[in-house]
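Listing of upload_35.txt; format and content: compact mmCIF, C-alpha atoms.
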```txt
# COMPACT_ATOMS: atom_id res chain seq x y z
CA MET A 6 -18.33 34.09 30.21
CA LYS A 7 -20.26 31.04 31.37
CA GLU A 8 -20.34 29.82 27.78
CA ILE A 9 -16.56 30.01 27.52
CA ILE A 10 -16.02 28.03 30.71
CA PHE A 11 -18.54 25.35 29.75
CA ALA A 12 -16.99 25.00 26.30
CA LEU A 13 -13.47 24.85 27.74
CA ILE A 14 -14.52 22.09 30.16
CA ALA A 15 -16.22 20.18 27.34
CA GLY A 16 -13.10 20.50 25.17
CA LEU A 17 -10.81 19.32 27.97
CA LEU A 18 -13.07 16.38 28.80
CA PHE A 19 -13.32 15.44 25.13
CA GLY A 20 -9.53 15.59 24.75
CA LEU A 21 -8.96 13.59 27.95
CA GLY A 22 -11.30 10.95 26.56
CA LEU A 23 -9.23 10.83 23.38
CA VAL A 24 -5.99 10.50 25.37
CA ILE A 25 -7.30 7.78 27.70
CA GLY A 26 -8.96 5.95 24.82
CA GLY A 27 -5.64 5.93 22.96
CA MET A 28 -7.06 7.90 20.05
CA THR A 29 -4.51 10.72 20.16
CA ASP A 30 -2.01 8.22 18.78
CA PRO A 31 -2.34 7.99 14.99
CA MET A 32 -0.48 4.65 14.99
CA LYS A 33 -3.26 3.15 17.12
CA VAL A 34 -5.92 4.55 14.79
CA LEU A 35 -4.10 3.16 11.75
CA ALA A 36 -3.86 -0.21 13.54
CA PHE A 37 -7.67 -0.15 13.80
CA LEU A 38 -8.01 0.53 10.08
CA ASP A 39 -5.43 -2.18 9.28
CA VAL A 40 -7.88 -5.08 9.39
CA PHE A 41 -5.69 -7.19 7.08
CA GLY A 42 -2.60 -6.63 9.22
CA LEU A 43 -2.16 -6.84 12.98
CA TRP A 44 -5.58 -5.47 13.95
CA ASP A 45 -6.21 -3.33 17.05
CA PRO A 46 -9.99 -3.09 17.60
CA SER A 47 -9.66 -0.48 20.40
CA LEU A 48 -11.32 2.30 18.35
CA LEU A 49 -14.53 0.26 18.27
CA PHE A 50 -14.54 0.33 22.07
CA VAL A 51 -14.09 4.11 22.09
CA MET A 52 -17.07 4.41 19.77
CA ALA A 53 -19.10 1.98 21.86
CA GLY A 54 -18.35 3.84 25.11
CA GLY A 55 -19.12 7.17 23.48
CA ILE A 56 -22.33 6.02 21.84
CA ILE A 57 -23.72 4.28 24.94
CA VAL A 58 -23.24 7.38 27.11
CA THR A 59 -24.31 9.88 24.47
CA PHE A 60 -27.34 7.83 23.42
CA ILE A 61 -28.68 7.73 26.97
CA GLY A 62 -27.81 11.38 27.61
CA TYR A 63 -29.26 12.71 24.36
CA HIS A 64 -32.37 10.60 24.84
CA LEU A 65 -33.05 12.23 28.20
CA GLN A 66 -32.11 15.67 26.93
CA LEU A 67 -33.67 15.85 23.50
CA ASN A 68 -36.78 13.75 23.92
CA ARG A 69 -37.85 14.93 27.33
CA SER A 70 -36.06 18.27 27.51
CA LYS A 71 -34.65 17.29 30.89
CA MET A 72 -31.15 18.13 32.01
CA LEU A 73 -30.98 21.12 29.69
CA MET A 74 -29.78 24.55 30.71
CA VAL A 75 -30.52 26.05 27.30
CA GLU A 76 -33.74 27.01 25.55
CA GLN A 77 -32.74 25.69 22.18
CA CYS A 78 -30.73 22.75 20.90
CA HIS A 79 -28.96 23.04 17.58
CA VAL A 80 -29.37 19.61 16.06
CA PRO A 81 -29.04 18.74 12.37
CA THR A 82 -32.41 18.37 10.66
CA LYS A 83 -31.41 16.71 7.36
CA THR A 84 -32.48 13.10 7.04
CA ALA A 85 -32.00 12.21 3.36
CA LEU A 86 -28.88 10.44 2.18
CA ASP A 87 -27.26 12.30 -0.68
CA ARG A 88 -24.18 12.21 -2.85
CA LYS A 89 -22.44 15.00 -0.93
CA LEU A 90 -22.69 13.08 2.35
CA ILE A 91 -21.26 9.89 0.90
CA SER A 92 -18.54 11.47 -1.25
CA GLY A 93 -17.51 13.76 1.62
CA ALA A 94 -17.31 10.84 4.04
CA ALA A 95 -15.38 8.80 1.46
CA LEU A 96 -12.78 11.56 0.96
CA PHE A 97 -12.51 12.08 4.71
CA GLY A 98 -11.88 8.34 5.18
CA ILE A 99 -9.05 8.40 2.63
CA GLY A 100 -7.37 11.33 4.39
CA TRP A 101 -7.92 9.63 7.75
CA GLY A 102 -6.29 6.43 6.51
CA LEU A 103 -3.27 8.23 5.06
CA VAL A 104 -1.99 9.54 8.41
CA GLY A 105 -4.36 8.31 11.13
CA LEU A 106 -5.60 11.75 12.14
CA CYS A 107 -9.22 12.88 12.21
CA PRO A 108 -10.17 16.42 13.36
CA GLY A 109 -10.21 15.79 17.15
CA PRO A 110 -6.79 14.11 17.39
CA ALA A 111 -5.47 16.67 14.87
CA PHE A 112 -6.00 19.36 17.51
CA THR A 113 -4.41 17.33 20.32
CA ALA A 114 -1.47 16.72 17.94
CA LEU A 115 -0.83 20.49 18.07
CA TYR A 116 0.34 19.85 21.63
CA THR A 117 1.77 16.32 21.41
CA VAL A 118 3.57 16.50 18.05
CA PRO A 119 3.54 20.24 17.27
CA GLU A 120 5.53 20.21 14.05
CA GLN A 121 3.41 17.62 12.28
CA GLY A 122 0.29 18.80 14.09
CA ILE A 123 0.47 22.35 12.78
CA VAL A 124 1.11 21.20 9.20
CA PHE A 125 -1.86 18.86 9.32
CA VAL A 126 -4.22 21.34 11.01
CA VAL A 127 -3.35 24.17 8.60
CA ALA A 128 -3.91 21.85 5.62
CA MET A 129 -7.19 20.69 7.18
CA LEU A 130 -8.37 24.28 7.66
CA ILE A 131 -7.46 25.10 4.06
CA GLY A 132 -9.48 22.07 2.94
CA MET A 133 -12.41 23.26 5.06
CA ALA A 134 -12.16 26.82 3.75
CA PHE A 135 -11.98 25.55 0.17
CA HIS A 136 -15.28 23.76 0.73
CA ASP A 137 -17.05 26.47 2.73
CA LYS A 138 -15.85 29.51 0.78
CA VAL A 139 -15.40 28.16 -2.76
CA VAL A 140 -17.32 24.95 -3.42
CA ALA A 141 -20.39 25.54 -1.27
CA LYS A 142 -20.85 29.13 -2.49
CA MET B 6 5.63 -3.82 2.99
CA GLU B 7 4.14 -6.14 5.55
CA PRO B 8 2.75 -9.54 4.66
CA LEU B 9 -0.98 -9.73 4.07
CA HIS B 10 -2.54 -11.88 6.76
CA GLU B 11 -5.03 -14.42 5.58
CA ALA B 12 -7.52 -13.53 8.29
CA ALA B 13 -7.86 -10.61 10.66
CA TRP B 14 -5.43 -11.10 13.52
CA ILE B 15 -5.84 -9.15 16.72
CA ASP B 16 -2.95 -7.12 18.07
CA TRP B 17 -3.41 -8.29 21.69
CA ALA B 18 -0.31 -6.47 22.92
CA ASN B 19 -1.73 -3.06 22.04
CA PHE B 20 -5.46 -3.77 22.42
CA THR B 21 -6.91 -1.61 25.23
CA PRO B 22 -10.60 -2.47 25.53
CA PHE B 23 -11.16 -1.05 29.04
CA ALA B 24 -9.19 2.18 28.65
CA SER B 25 -10.80 2.76 25.27
CA LEU B 26 -14.30 2.11 26.61
CA LEU B 27 -13.59 4.58 29.45
CA GLY B 28 -12.11 7.15 27.06
CA GLY B 29 -15.15 6.78 24.82
CA ALA B 30 -17.47 7.26 27.80
CA MET B 31 -15.64 10.49 28.68
CA ILE B 32 -16.14 11.73 25.12
CA GLY B 33 -19.81 10.85 25.59
CA PHE B 34 -20.01 12.86 28.80
CA SER B 35 -18.39 15.80 26.99
CA ALA B 36 -21.03 15.53 24.26
CA ILE B 37 -23.87 15.46 26.81
CA PHE B 38 -22.34 18.34 28.74
CA LEU B 39 -22.02 20.47 25.61
CA MET B 40 -25.64 19.74 24.70
CA ALA B 41 -26.84 20.52 28.23
CA THR B 42 -24.94 23.78 28.60
CA LEU B 43 -24.80 25.22 25.07
CA GLY B 44 -27.29 23.09 23.15
CA ARG B 45 -24.60 22.06 20.70
CA ILE B 46 -23.42 18.88 19.03
CA ALA B 47 -19.82 17.91 19.85
CA GLY B 48 -18.68 17.65 16.25
CA ILE B 49 -15.06 18.72 15.96
CA SER B 50 -14.98 19.43 12.21
CA GLY B 51 -18.04 21.68 12.46
CA ILE B 52 -16.74 23.43 15.57
CA ALA B 53 -13.34 24.01 13.91
CA ALA B 54 -14.77 25.32 10.64
CA SER B 55 -17.12 27.74 12.41
CA ALA B 56 -14.41 28.85 14.85
CA PHE B 57 -12.16 29.86 11.98
CA PHE B 58 -14.51 30.86 9.17
CA GLU B 59 -17.70 32.22 10.69
CA LYS B 60 -18.29 35.53 12.38
CA GLU B 61 -20.91 34.51 14.92
CA GLY B 62 -20.56 32.08 17.80
CA ARG B 63 -16.82 31.96 17.53
CA ILE B 64 -15.83 32.39 21.13
CA TRP B 65 -17.23 29.22 22.69
CA ARG B 66 -15.87 27.20 19.78
CA ILE B 67 -12.37 28.64 20.23
CA ALA B 68 -12.61 27.88 23.97
CA PHE B 69 -13.62 24.29 23.17
CA LEU B 70 -10.68 23.88 20.79
CA ILE B 71 -8.25 25.33 23.34
CA GLY B 72 -9.49 22.78 25.87
CA LEU B 73 -9.01 20.04 23.30
CA VAL B 74 -5.45 21.10 22.42
CA PHE B 75 -4.34 21.24 26.06
CA ALA B 76 -6.09 18.07 27.22
CA PRO B 77 -2.90 16.00 26.71
CA LEU B 78 -1.09 18.42 29.04
CA LEU B 79 -3.79 17.93 31.67
CA ALA B 80 -3.55 14.15 31.19
CA THR B 81 0.20 14.28 31.71
CA MET B 82 -0.23 16.37 34.86
CA MET B 83 -2.82 13.96 36.22
CA ARG B 84 -1.00 10.76 35.38
CA GLY B 85 2.56 12.00 35.69
CA GLU B 86 3.71 10.09 32.66
CA VAL B 87 4.07 11.07 29.07
CA GLN B 88 2.61 8.82 26.45
CA PRO B 89 4.98 9.37 23.56
CA ILE B 90 3.29 9.94 20.23
CA THR B 91 5.10 9.81 16.95
CA ILE B 92 3.97 10.65 13.46
CA THR B 93 6.25 9.22 10.81
CA SER B 94 4.28 10.53 7.82
CA SER B 95 6.15 12.89 5.49
CA PHE B 96 5.08 16.52 5.23
CA PRO B 97 3.59 16.13 1.72
CA LEU B 98 1.51 13.21 3.02
CA LEU B 99 0.41 15.23 6.08
CA ILE B 100 -0.68 18.06 3.78
CA ALA B 101 -2.56 15.77 1.38
CA ALA B 102 -4.28 14.01 4.30
CA GLY B 103 -5.14 17.30 6.01
CA LEU B 104 -6.70 18.72 2.84
CA LEU B 105 -8.78 15.56 2.33
CA VAL B 106 -9.90 15.46 5.97
CA GLY B 107 -10.83 19.17 5.94
CA PHE B 108 -12.66 19.14 2.63
CA GLY B 109 -14.28 15.73 3.16
CA THR B 110 -15.63 16.45 6.64
CA ARG B 111 -17.22 19.71 5.45
CA LEU B 112 -18.72 18.15 2.33
CA GLY B 113 -19.96 15.16 4.34
CA GLY B 114 -21.17 17.33 7.22
CA GLY B 115 -19.16 15.72 10.00
CA CYS B 116 -16.35 13.48 11.18
CA THR B 117 -15.70 10.69 13.66
CA SER B 118 -17.20 12.72 16.52
CA GLY B 119 -20.16 14.49 14.91
CA HIS B 120 -21.31 11.52 12.84
CA GLY B 121 -19.60 8.68 14.72
CA ILE B 122 -20.59 9.51 18.28
CA CYS B 123 -23.27 12.22 18.26
CA GLY B 124 -25.04 11.29 15.00
CA ILE B 125 -25.27 7.57 15.70
CA SER B 126 -26.53 8.39 19.21
CA ARG B 127 -29.32 10.45 17.62
CA LEU B 128 -30.02 7.41 15.42
CA SER B 129 -29.36 9.52 12.32
CA LYS B 130 -29.44 7.46 9.13
CA ARG B 131 -27.11 9.97 7.49
CA SER B 132 -24.53 9.49 10.22
CA VAL B 133 -24.69 5.69 10.04
CA ALA B 134 -24.11 5.90 6.28
CA ALA B 135 -21.24 8.38 6.73
CA VAL B 136 -19.53 6.24 9.40
CA ILE B 137 -19.76 3.07 7.31
CA THR B 138 -18.36 5.02 4.34
CA PHE B 139 -15.40 6.65 6.07
CA ILE B 140 -14.38 3.50 7.93
CA ALA B 141 -14.56 1.58 4.63
CA THR B 142 -12.42 4.08 2.68
CA GLY B 143 -10.08 4.39 5.69
CA ILE B 144 -9.57 0.60 5.71
CA MET B 145 -9.06 0.62 1.93
CA THR B 146 -6.47 3.38 2.21
CA VAL B 147 -4.48 1.68 4.98
CA THR B 148 -4.65 -1.65 3.17
CA VAL B 149 -3.28 -0.09 -0.02
CA MET B 150 -0.60 1.91 1.82
CA ARG B 151 0.62 -0.95 4.01
CA HIS B 152 0.10 -4.08 2.00
CA LEU B 153 -0.28 -3.29 -1.67
CA LEU B 154 2.20 -0.49 -2.39
```

Encoded form (structure tokens):
Amino acid sequence: MKEIIFALIAGLLFGLGLVIGGMTDPMKVLAFLDVFGLWDPSLLFVMAGGIIVTFIGYHLQLNRSKMLMVEQCHVPTKTALDRKLISGAALFGIGWGLVGLCPGPAFTALYTVPEQGIVFVVAMLIGMAFHDKVVAK
Amino acid sequence: MEPLHEAAWIDWANFTPFASLLGGAMIGFSAIFLMATLGRIAGISGIAASAFFEKEGRIWRIAFLIGLVFAPLLATMMRGEVQPITITSSFPLLIAAGLLVGFGTRLGGGCTSGHGICGISRLSKRSVAAVITFIATGIMTVTVMRHLL
């Protein structure tokens, strides 16, 4: 039960951050990617704010095991760059640039623009399932 | 088709440095909170894939996603104003983009949150490479769609 409440709070806070940062609006995201048009650098500021806070927080949590309520942290262990990483990121970027939605804002779109949101999220889940259940097996 | 500007030109009317910095910081606090309470990375693509396609550890992920979906409602309640959002993309384009985002984030092991915020904060070389790559192909895609087609 505690887990559910913590996760719900984290999800709400994450989504509020997206709303306040302007990132739930795909037009604003596309304006960030449109460096040769009328460029809106706001997304860089979202990343900067997120990285500054997370960097300090993770540093305290992961390196000194302070501020943790759990025994174990699940953190990726891979360090090598490989073709999968780069080709996956490249394909993701193309999809991101087509509409202006990445996975976080795709979920908030379920509420803000339900019709388009559901179409995008279902397609995204099919893409994920195709990787996890077909390609990766 | 819009004209191609000779140099990058900033859209001052829509540029929101302070709100975006604050929004980013809130995402950061969410990431720290999730690590502190559940020991998990706040990577949306990974959370979504596991919530839908894995048997174990589903419940907290579903709760996280529910929070995410209803955050705009909470924002509206708190601020009392609705920030209208429009998506003009056609359904075929939404489907193509969704498939690419879903497949690409799984193959590449993360998205804007997992690699962009959490990974860079862990100083992961993989995440830095992924972020540079998806921003580059995102810029290429928008440039082609808006200025070259």

- Item | Among listed residues A:Leu43, A:Val124, A:Leu13, A:Leu65, nearest Arg66 in chain B (using all atoms listed in the file) |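 The shortest atom-to-atom distance to Arg66 in chain B comes from A:Leu13.
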
- Just how far from CA of Leu49 in chain A is CA of Ala18 in chain B, in Å to one decimal?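 The value is 16.4 Å.
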
- Task: May I ask which of the residues B:Asn19, B:Leu70, B:Leu43, B:Ser50 is the closest one to Met32 in chain A, counting all atoms listed in the file?
- Result: B:Asn19

- Task: Give as an MDAnalysis selection string each residue that has an atom at most 12 Å from (-18.0, 26.8, 10.4) in the file, counting only C-alpha atoms.
- Result: (chainID A and resid 130 133:138 141) or (chainID B and resid 48:63 66:67 107 110:112 114:115)

- Query: What lies within 9 Å of Ile64 in chain B using all atoms listed in the file, ignoring chain neighbours under 5 positions off, as a ChimeraX atom specification?
  - Reply: /A:8-9 /B:56,69

- Item | Gap from CA of Leu79 in chain B to CA of Leu35 in chain A - Å, one decimal |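 Separating CA of Leu79 in chain B from CA of Leu35 in chain A is a distance of 24.8 Å.
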
- Item | Residue nearest chain A - candidates B:Ser95, B:Gly143, B:Gly119, B:Val136, atoms counted: only C-alpha atoms |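 With only C-alpha atoms as the atom set, the closest residue is B:Gly143.
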
- Task: Pick out the residues sitting within 9 Å of Tyr63 in chain A, and hand them over as an NGL selection string; count all atoms listed in the file, and ignore anything fewer than 5 positions along from it in its own chain.
- Result: (:A and (58 or 68)) or (:B and (36-37 or 40 or 123 or 126-127))

Please list as a PDB file with C-alpha atoms, in the coordinates of the input every residue within 7 Å of range 72-85 of chain A, counting all atoms listed in the file and excluding residues in the same chain fewer than 6 positions away.
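Output file part27.pdb is given in full below:
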```pdb
ATOM      1  CA  GLN A  66     -32.110  15.670  26.930  1.00  0.00           C
TER       2      GLN A  66
ATOM      3  CA  ALA B  41     -26.840  20.520  28.230  1.00  0.00           C
ATOM      4  CA  THR B  42     -24.940  23.780  28.600  1.00  0.00           C
ATOM      5  CA  LEU B  43     -24.800  25.220  25.070  1.00  0.00           C
ATOM      6  CA  GLY B  44     -27.290  23.090  23.150  1.00  0.00           C
ATOM      7  CA  ARG B  45     -24.600  22.060  20.700  1.00  0.00           C
ATOM      8  CA  ILE B  46     -23.420  18.880  19.030  1.00  0.00           C
ATOM      9  CA  LYS B 130     -29.440   7.460   9.130  1.00  0.00           C
ATOM     10  CA  ARG B 131     -27.110   9.970   7.490  1.00  0.00           C
TER      11      ARG B 131
END
```

- Note on the structure: The residue from B:Ile90, B:Val74, B:Ala101, B:Met82 with the smallest atom-to-atom distance to Val127 in chain A, counting only C-alpha atoms, is B:Ala101

- Task: Could you tell me how far CA of Leu86 in chain A lies from CA of Met52 in chain A, in Å and to one decimal?
- Result: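 Here the two named atoms are 22.0 Å from each other.
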
- Message: Between B:Leu39, B:Leu73, B:Ile32, B:Leu99, which residue has the minimum interatomic distance to Leu17 in chain A, considering all atoms listed in the file?
- Response: B:Leu73

- Message: I'd like the contact shell of Gly98 in chain A - 8 Å cut-off, only C-alpha atoms, skipping same-chain residues fewer than 2 positions apart - returned as a list in words.
- Response: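 The residues satisfying every condition are Ala94, Ala95, Leu96, Gly100, Trp101 and Gly102 of chain A; Val106, Thr138, Phe139, Ile140, Ala141, Thr142, Gly143 and Thr146 of chain B.
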
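Minimum atom-to-atom distances from B:Leu128, B:Leu104, B:Thr93, B:Val149 to chain A were compared using all atoms listed in the file, and the lowest value belongs to B:Leu104.
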
Write out as a short mmCIF file (atom, residue, chain, number, x, y, z; two decimals) with C-alpha atoms, in the frame of the given file the residues lying within 10 Å of Phe19 in chain A, counting all atoms listed in the file and excluding same-chain residues fewer than 2 positions away.
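Result file result.cif:
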```cif
data_model
loop_
_atom_site.label_atom_id
_atom_site.label_comp_id
_atom_site.auth_asym_id
_atom_site.auth_seq_id
_atom_site.Cartn_x
_atom_site.Cartn_y
_atom_site.Cartn_z
CA LEU A 13 -13.47 24.85 27.74
CA ILE A 14 -14.52 22.09 30.16
CA ALA A 15 -16.22 20.18 27.34
CA GLY A 16 -13.10 20.50 25.17
CA LEU A 17 -10.81 19.32 27.97
CA LEU A 21 -8.96 13.59 27.95
CA GLY A 22 -11.30 10.95 26.56
CA LEU A 23 -9.23 10.83 23.38
CA VAL A 24 -5.99 10.50 25.37
CA GLY A 109 -10.21 15.79 17.15
CA GLY B 28 -12.11 7.15 27.06
CA GLY B 29 -15.15 6.78 24.82
CA ALA B 30 -17.47 7.26 27.80
CA MET B 31 -15.64 10.49 28.68
CA ILE B 32 -16.14 11.73 25.12
CA GLY B 33 -19.81 10.85 25.59
CA PHE B 34 -20.01 12.86 28.80
CA SER B 35 -18.39 15.80 26.99
CA ALA B 36 -21.03 15.53 24.26
CA ALA B 47 -19.82 17.91 19.85
CA ILE B 49 -15.06 18.72 15.96
CA PHE B 69 -13.62 24.29 23.17
CA LEU B 70 -10.68 23.88 20.79
CA GLY B 72 -9.49 22.78 25.87
CA LEU B 73 -9.01 20.04 23.30
CA ALA B 76 -6.09 18.07 27.22
CA SER B 118 -17.20 12.72 16.52
#
```
